[in-house]
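K.L.:
The structure under discussion is supplied below as structure tokens; questions concerning it will follow.
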Amino acid sequence: MSEKSWHEKLLGGFRRTSDKLGENLTGLFTRTTLDRETLDSIEEALIASDLGPATAARVRERLADGRFERGLDADGVRAVVADEIVKVLAPVAEPLEIDAFPRPQVILVIGVNGSGKTTTIAKLAHLFLEQDYGVMLAAGDTFRAAAIGQLKVWAERIGVPIVTGPEGGDSAGIVWDAVKQATATGIDVLIVDTAGRLQNKRELMDELAKIRRVLGRLNPDAPHDVVLVLDATTGQNALSQIEIFKEVAGVTGLVMTKLDGTARGGVLVAAAEKFAMPIHAIGVGEGLDDLRPFDPQQLARAIAGAEPVKE
């Protein structure tokens with residue numbers, strides 16, 4: 001995908017979010033003075049747009065320190081919002097780097113059922129294939145037959161090997177076999193699907209701990225990454241998931257999906273602000289090319305609905 005078409009996808013994906021922000025700010029730009037009441041209203045509008053209280057407070061402070069003799073200007077406020085979002089996103093925009101030695105680099109992918117986890121694994125695999133890495137998948141979510149079947153379909157579609165087992169099988173055993181095969185065949189990246197049920201946190205924690213023990217016997221540095229997939233349409237609930245999975249699984253980075261299907265894309269900023277955790281990629285569509293690392297400035301302006309920076 002060209003940079004231009006990805007930029008267009010990004011703008012389209014965040015249209016609902018920027019429109020929601022505009023709706024929440026409607027009526028505030030007709031006021032002639034930037035008094036405390038107006039600043040409070042702007043701060044509340046930003047929080048209602050899922051940007052999070054910390055970012056909203058900083059925008060308010062920036063506006064309060066500025067000079068707006070002619071009253072508020074919508075484009076000016078959006079530019080300030082975009083500028084503050086960049087400050088939050090720039091430190092966490094970190095693409096997944098394949099640098100493990102010895103190979104393979106083992107990436108555990110976790111997330112609640114319905115978050116788009118399995119599809120995201122396929123998209124990540126596709127992204128690595130584009131970078132000329134050898135990729136293998138492991139169907140470690142043995143709790144659901146559908147998850148195994150779906151991952152098999154994706155593996156066949158993108159043309160990568162996959163290691164599977166029966167429904168209800170031992171996830172750690174599958175991961176053991178996968179690492180052995182990946183090592184023997186010179187695979188660069190092994191992406192492991194894991195169970196996404198949170199109904200029994202202890203059970204999930206025990207299963208992930210067992211996988212870690214097995215990996216440790218084969219490679220003390222594995223897993224190299226533990227990536228949490230989040231569904232942006234869940235809004236603030238995504239923040240709760242980060243909290244829980246950090247405790248249960250030792251999450252090292254995030255991928256946020258379905259940003260094109262929601263007006264709650266501001267939660268990406270709230271997550272970055274609250275957890276300061278690497279965000280490896282974002283998803284703004286259903287196609288294999290629709291999951292990519294992001295440019296913080298480009299993304300910030302898309303969220304804020306600000307004019308693109310002229311090159």
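All residue names refer to the structure tokens as shown: chains lettered A, B, ... in order, residues numbered from 1 in each chain, ligands numbered from 1 in order.
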Can you write out as CSV which residues of region 232-285 of chain A fall within 10 Å of region 179-200 of chain A, alongside each residue's closest atom pair and its distance in Å to one decimal, counting only C-alpha atoms and ordering rows by chain and ascending residue number?

P.N.:
residue,atom,partner,partner_atom,distance
A:Gln241,CA,A:Leu198,CA,9.2
A:Ile244,CA,A:Leu198,CA,8.8
A:Phe245,CA,A:Leu198,CA,8.9
A:Val248,CA,A:Leu198,CA,9.5

K.L.:
If DSSP is run on the backbone, what residues of region 63-186 of chain A are alpha helix (DSSP H)? A reply as a ChimeraX atom specification would be ideal.

P.N.:
/A:63-65,74-89,117-130,145-158,171-184

K.L.:
Kindly save the residues from that selection, with C-alpha atoms included, as a PDB file, in the first residue's frame.

P.N.:
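That gives us result.pdb:
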ATOM      1  CA  LEU A  63      -5.662  27.618  25.411  1.00  0.00           C
ATOM      2  CA  ALA A  64      -5.711  29.521  28.686  1.00  0.00           C
ATOM      3  CA  ASP A  65      -2.072  30.577  28.134  1.00  0.00           C
ATOM      4  CA  ALA A  74     -12.366  26.130  15.483  1.00  0.00           C
ATOM      5  CA  ASP A  75      -9.258  25.494  13.378  1.00  0.00           C
ATOM      6  CA  GLY A  76      -7.048  27.044  16.041  1.00  0.00           C
ATOM      7  CA  VAL A  77      -8.462  24.814  18.765  1.00  0.00           C
ATOM      8  CA  ARG A  78      -8.135  21.716  16.573  1.00  0.00           C
ATOM      9  CA  ALA A  79      -4.498  22.617  15.876  1.00  0.00           C
ATOM     10  CA  VAL A  80      -3.804  22.869  19.624  1.00  0.00           C
ATOM     11  CA  VAL A  81      -5.567  19.530  20.194  1.00  0.00           C
ATOM     12  CA  ALA A  82      -3.481  17.913  17.440  1.00  0.00           C
ATOM     13  CA  ASP A  83      -0.280  19.370  18.896  1.00  0.00           C
ATOM     14  CA  GLU A  84      -1.017  17.933  22.354  1.00  0.00           C
ATOM     15  CA  ILE A  85      -1.955  14.542  20.887  1.00  0.00           C
ATOM     16  CA  VAL A  86       1.394  14.397  19.066  1.00  0.00           C
ATOM     17  CA  LYS A  87       3.187  14.875  22.392  1.00  0.00           C
ATOM     18  CA  VAL A  88       1.339  11.855  23.790  1.00  0.00           C
ATOM     19  CA  LEU A  89       1.673   9.572  20.768  1.00  0.00           C
ATOM     20  CA  LYS A 117      -7.165 -10.907  17.616  1.00  0.00           C
ATOM     21  CA  THR A 118      -7.024 -13.694  15.032  1.00  0.00           C
ATOM     22  CA  THR A 119      -7.411 -11.310  12.090  1.00  0.00           C
ATOM     23  CA  THR A 120      -4.759  -9.030  13.583  1.00  0.00           C
ATOM     24  CA  ILE A 121      -2.327 -11.964  13.759  1.00  0.00           C
ATOM     25  CA  ALA A 122      -2.837 -12.531  10.026  1.00  0.00           C
ATOM     26  CA  LYS A 123      -2.310  -8.836   9.313  1.00  0.00           C
ATOM     27  CA  LEU A 124       0.873  -8.748  11.398  1.00  0.00           C
ATOM     28  CA  ALA A 125       2.130 -11.833   9.559  1.00  0.00           C
ATOM     29  CA  HIS A 126       1.388 -10.123   6.240  1.00  0.00           C
ATOM     30  CA  LEU A 127       3.277  -7.010   7.393  1.00  0.00           C
ATOM     31  CA  PHE A 128       6.342  -9.092   8.292  1.00  0.00           C
ATOM     32  CA  LEU A 129       6.167 -10.994   4.996  1.00  0.00           C
ATOM     33  CA  GLU A 130       6.293  -7.641   3.190  1.00  0.00           C
ATOM     34  CA  ALA A 145     -12.285 -24.725  17.708  1.00  0.00           C
ATOM     35  CA  ALA A 146     -13.392 -21.683  15.714  1.00  0.00           C
ATOM     36  CA  ALA A 147     -10.188 -19.837  16.602  1.00  0.00           C
ATOM     37  CA  ILE A 148      -8.060 -22.745  15.376  1.00  0.00           C
ATOM     38  CA  GLY A 149     -10.058 -23.030  12.157  1.00  0.00           C
ATOM     39  CA  GLN A 150      -9.972 -19.308  11.469  1.00  0.00           C
ATOM     40  CA  LEU A 151      -6.214 -19.121  11.956  1.00  0.00           C
ATOM     41  CA  LYS A 152      -5.733 -22.092   9.607  1.00  0.00           C
ATOM     42  CA  VAL A 153      -7.729 -20.296   6.913  1.00  0.00           C
ATOM     43  CA  TRP A 154      -5.628 -17.163   7.324  1.00  0.00           C
ATOM     44  CA  ALA A 155      -2.357 -19.113   7.260  1.00  0.00           C
ATOM     45  CA  GLU A 156      -3.363 -20.726   3.986  1.00  0.00           C
ATOM     46  CA  ARG A 157      -4.500 -17.427   2.513  1.00  0.00           C
ATOM     47  CA  ILE A 158      -1.267 -15.575   3.234  1.00  0.00           C
ATOM     48  CA  SER A 171      -1.348 -24.803  24.382  1.00  0.00           C
ATOM     49  CA  ALA A 172       2.163 -25.016  25.813  1.00  0.00           C
ATOM     50  CA  GLY A 173       2.777 -28.249  23.895  1.00  0.00           C
ATOM     51  CA  ILE A 174       1.719 -26.566  20.645  1.00  0.00           C
ATOM     52  CA  VAL A 175       4.050 -23.649  21.326  1.00  0.00           C
ATOM     53  CA  TRP A 176       6.905 -26.097  22.072  1.00  0.00           C
ATOM     54  CA  ASP A 177       6.346 -27.850  18.732  1.00  0.00           C
ATOM     55  CA  ALA A 178       6.087 -24.526  16.917  1.00  0.00           C
ATOM     56  CA  VAL A 179       9.359 -23.172  18.303  1.00  0.00           C
ATOM     57  CA  LYS A 180      11.119 -26.437  17.434  1.00  0.00           C
ATOM     58  CA  GLN A 181       9.793 -26.339  13.857  1.00  0.00           C
ATOM     59  CA  ALA A 182      10.497 -22.621  13.453  1.00  0.00           C
ATOM     60  CA  THR A 183      14.072 -23.090  14.640  1.00  0.00           C
ATOM     61  CA  ALA A 184      14.658 -26.088  12.398  1.00  0.00           C
TER      62      ALA A 184
END

K.L.:
Would you compute the distance between CA of Asp206 (chain A) and CA of Gly140 (chain A)? Give it in Å to one decimal.

P.N.:
13.9 Å

K.L.:
Quick check, in Å to one decimal: how far apart do CA of Ala93 (chain A) and CA of Ala138 (chain A) lie?

P.N.:
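Spanning CA of Ala93 (chain A) to CA of Ala138 (chain A) is a straight-line distance of 26.5 Å.
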
K.L.:
Taking only residues of region 29-148 of chain A that have an atom at most 6 Å from an atom of region 212-227 of chain A, what is each one's shortest atom pair and its distance in Å to one decimal, using only C-alpha atoms, in chain and number order, as a tab-separated table?

P.N.:
residue	atom	partner	partner_atom	distance
A:Val106	CA	A:Pro223	CA	5.0
A:Ile107	CA	A:Asp225	CA	4.8
A:Leu108	CA	A:Val226	CA	4.8
A:Val109	CA	A:Val227	CA	4.9

K.L.:
Restricting it to N, CA and C atoms, dump the selection as a PDB file, in the first residue's frame.

P.N.:
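Writing the result to result_0.pdb gives the following:
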ATOM      1  N   VAL A 106       9.679 -14.674  19.121  1.00  0.00           N
ATOM      2  CA  VAL A 106       8.374 -15.205  19.509  1.00  0.00           C
ATOM      3  C   VAL A 106       7.482 -14.067  20.000  1.00  0.00           C
ATOM      4  N   ILE A 107       6.342 -13.900  19.334  1.00  0.00           N
ATOM      5  CA  ILE A 107       5.385 -12.859  19.692  1.00  0.00           C
ATOM      6  C   ILE A 107       4.099 -13.529  20.178  1.00  0.00           C
ATOM      7  N   LEU A 108       3.787 -13.377  21.463  1.00  0.00           N
ATOM      8  CA  LEU A 108       2.505 -13.852  21.984  1.00  0.00           C
ATOM      9  C   LEU A 108       1.462 -12.768  21.746  1.00  0.00           C
ATOM     10  N   VAL A 109       0.335 -13.149  21.165  1.00  0.00           N
ATOM     11  CA  VAL A 109      -0.739 -12.200  20.912  1.00  0.00           C
ATOM     12  C   VAL A 109      -1.924 -12.563  21.797  1.00  0.00           C
TER      13      VAL A 109
END

K.L.:
A:Ile242, A:Met256, A:Ile42, A:Ile211: which is nearest Arg292 (chain A), counting only C-alpha atoms?

P.N.:
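Smallest separation from Arg292 (chain A) among the options: A:Met256.
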
K.L.:
From the DSSP assignment of the backbone, select every residue of region 75-297 of chain A that is strand (DSSP E or B), and format the answer as number ranges by chain.

P.N.:
A: 93, 105-110, 135-139, 162-163, 189-193, 225-231, 253-257, 279-283, 291-292

K.L.:
Write the residues of the preceding selection, restricted to C-alpha atoms, as an mmCIF file, in the first residue's frame.

P.N.:
data_model
loop_
_atom_site.group_PDB
_atom_site.id
_atom_site.type_symbol
_atom_site.label_atom_id
_atom_site.label_comp_id
_atom_site.auth_asym_id
_atom_site.auth_seq_id
_atom_site.Cartn_x
_atom_site.Cartn_y
_atom_site.Cartn_z
ATOM 1 C CA ALA A 93 4.708 4.928 18.341
ATOM 2 C CA GLN A 105 11.407 -13.975 17.564
ATOM 3 C CA VAL A 106 8.374 -15.205 19.509
ATOM 4 C CA ILE A 107 5.385 -12.859 19.692
ATOM 5 C CA LEU A 108 2.505 -13.852 21.984
ATOM 6 C CA VAL A 109 -0.739 -12.200 20.912
ATOM 7 C CA ILE A 110 -3.476 -11.830 23.508
ATOM 8 C CA VAL A 135 6.750 -16.184 9.422
ATOM 9 C CA MET A 136 5.045 -19.083 11.188
ATOM 10 C CA LEU A 137 1.786 -19.116 13.176
ATOM 11 C CA ALA A 138 0.900 -21.217 16.215
ATOM 12 C CA ALA A 139 -2.761 -21.810 17.143
ATOM 13 C CA ILE A 162 0.975 -23.066 10.991
ATOM 14 C CA VAL A 163 1.244 -25.429 13.962
ATOM 15 C CA VAL A 189 9.014 -14.681 13.434
ATOM 16 C CA LEU A 190 6.704 -17.031 15.321
ATOM 17 C CA ILE A 191 3.323 -15.453 16.137
ATOM 18 C CA VAL A 192 1.384 -17.329 18.810
ATOM 19 C CA ASP A 193 -2.381 -16.981 19.286
ATOM 20 C CA ASP A 225 6.913 -9.556 22.775
ATOM 21 C CA VAL A 226 3.486 -9.884 24.414
ATOM 22 C CA VAL A 227 1.080 -7.887 22.266
ATOM 23 C CA LEU A 228 -2.435 -6.994 23.420
ATOM 24 C CA VAL A 229 -5.055 -6.482 20.695
ATOM 25 C CA LEU A 230 -7.717 -3.919 21.605
ATOM 26 C CA ASP A 231 -11.048 -3.181 19.928
ATOM 27 C CA GLY A 253 2.887 -3.466 23.592
ATOM 28 C CA LEU A 254 -0.501 -2.702 22.048
ATOM 29 C CA VAL A 255 -2.295 -2.953 18.720
ATOM 30 C CA MET A 256 -5.629 -1.151 18.372
ATOM 31 C CA THR A 257 -8.126 -2.336 15.763
ATOM 32 C CA ILE A 279 1.623 1.077 20.345
ATOM 33 C CA HIS A 280 2.947 -1.035 17.498
ATOM 34 C CA ALA A 281 0.205 -0.641 14.898
ATOM 35 C CA ILE A 282 -3.375 0.467 14.312
ATOM 36 C CA GLY A 283 -6.133 -1.022 12.184
ATOM 37 C CA LEU A 291 -2.926 -2.654 9.850
ATOM 38 C CA ARG A 292 0.159 -0.469 9.938
#

K.L.:
Taking a cut-off of 9 Å and counting only C-alpha atoms, can you build a table that, for each residue of region 225-265 of chain A near region 14-28 of chain A, reports the nearest atom pair and how far apart they are in Å (one decimal), sorted by chain then residue number, as a Markdown table?

P.N.:
| residue | atom | partner | partner_atom | distance |
| --- | --- | --- | --- | --- |
| A:Leu259 | CA | A:Phe14 | CA | 6.7 |
| A:Asp260 | CA | A:Phe14 | CA | 6.1 |
| A:Gly261 | CA | A:Arg16 | CA | 8.1 |
| A:Thr262 | CA | A:Arg16 | CA | 6.4 |
| A:Ala263 | CA | A:Thr17 | CA | 4.1 |
| A:Arg264 | CA | A:Thr17 | CA | 5.7 |
| A:Gly265 | CA | A:Thr17 | CA | 5.5 |

K.L.:
Take the residues that were just selected and, keeping N, CA and C atoms, output them as a compact mmCIF listing (two decimals), in the first residue's frame.

P.N.:
# COMPACT_ATOMS: atom_id res chain seq x y z
N LEU A 259 -10.59 0.97 14.30
CA LEU A 259 -10.66 2.41 14.49
C LEU A 259 -11.52 3.08 13.43
N ASP A 260 -11.80 2.37 12.33
CA ASP A 260 -12.64 2.91 11.28
C ASP A 260 -14.12 2.70 11.57
N GLY A 261 -14.44 1.89 12.58
CA GLY A 261 -15.84 1.56 12.83
C GLY A 261 -16.40 2.24 14.06
N THR A 262 -15.74 3.30 14.54
CA THR A 262 -16.15 3.90 15.80
C THR A 262 -15.89 5.40 15.81
N ALA A 263 -16.62 6.10 16.69
CA ALA A 263 -16.35 7.51 16.93
C ALA A 263 -15.51 7.67 18.20
N ARG A 264 -14.96 6.54 18.68
CA ARG A 264 -14.25 6.56 19.95
C ARG A 264 -12.74 6.37 19.79
N GLY A 265 -12.24 6.80 18.64
CA GLY A 265 -10.81 6.64 18.37
C GLY A 265 -9.92 7.42 19.33

K.L.:
Between A:Gly114, A:Pro293, A:Gly287, A:Gly235, which one has atoms that come closest to Leu51 (chain A), using only C-alpha atoms?

P.N.:
A:Gly235
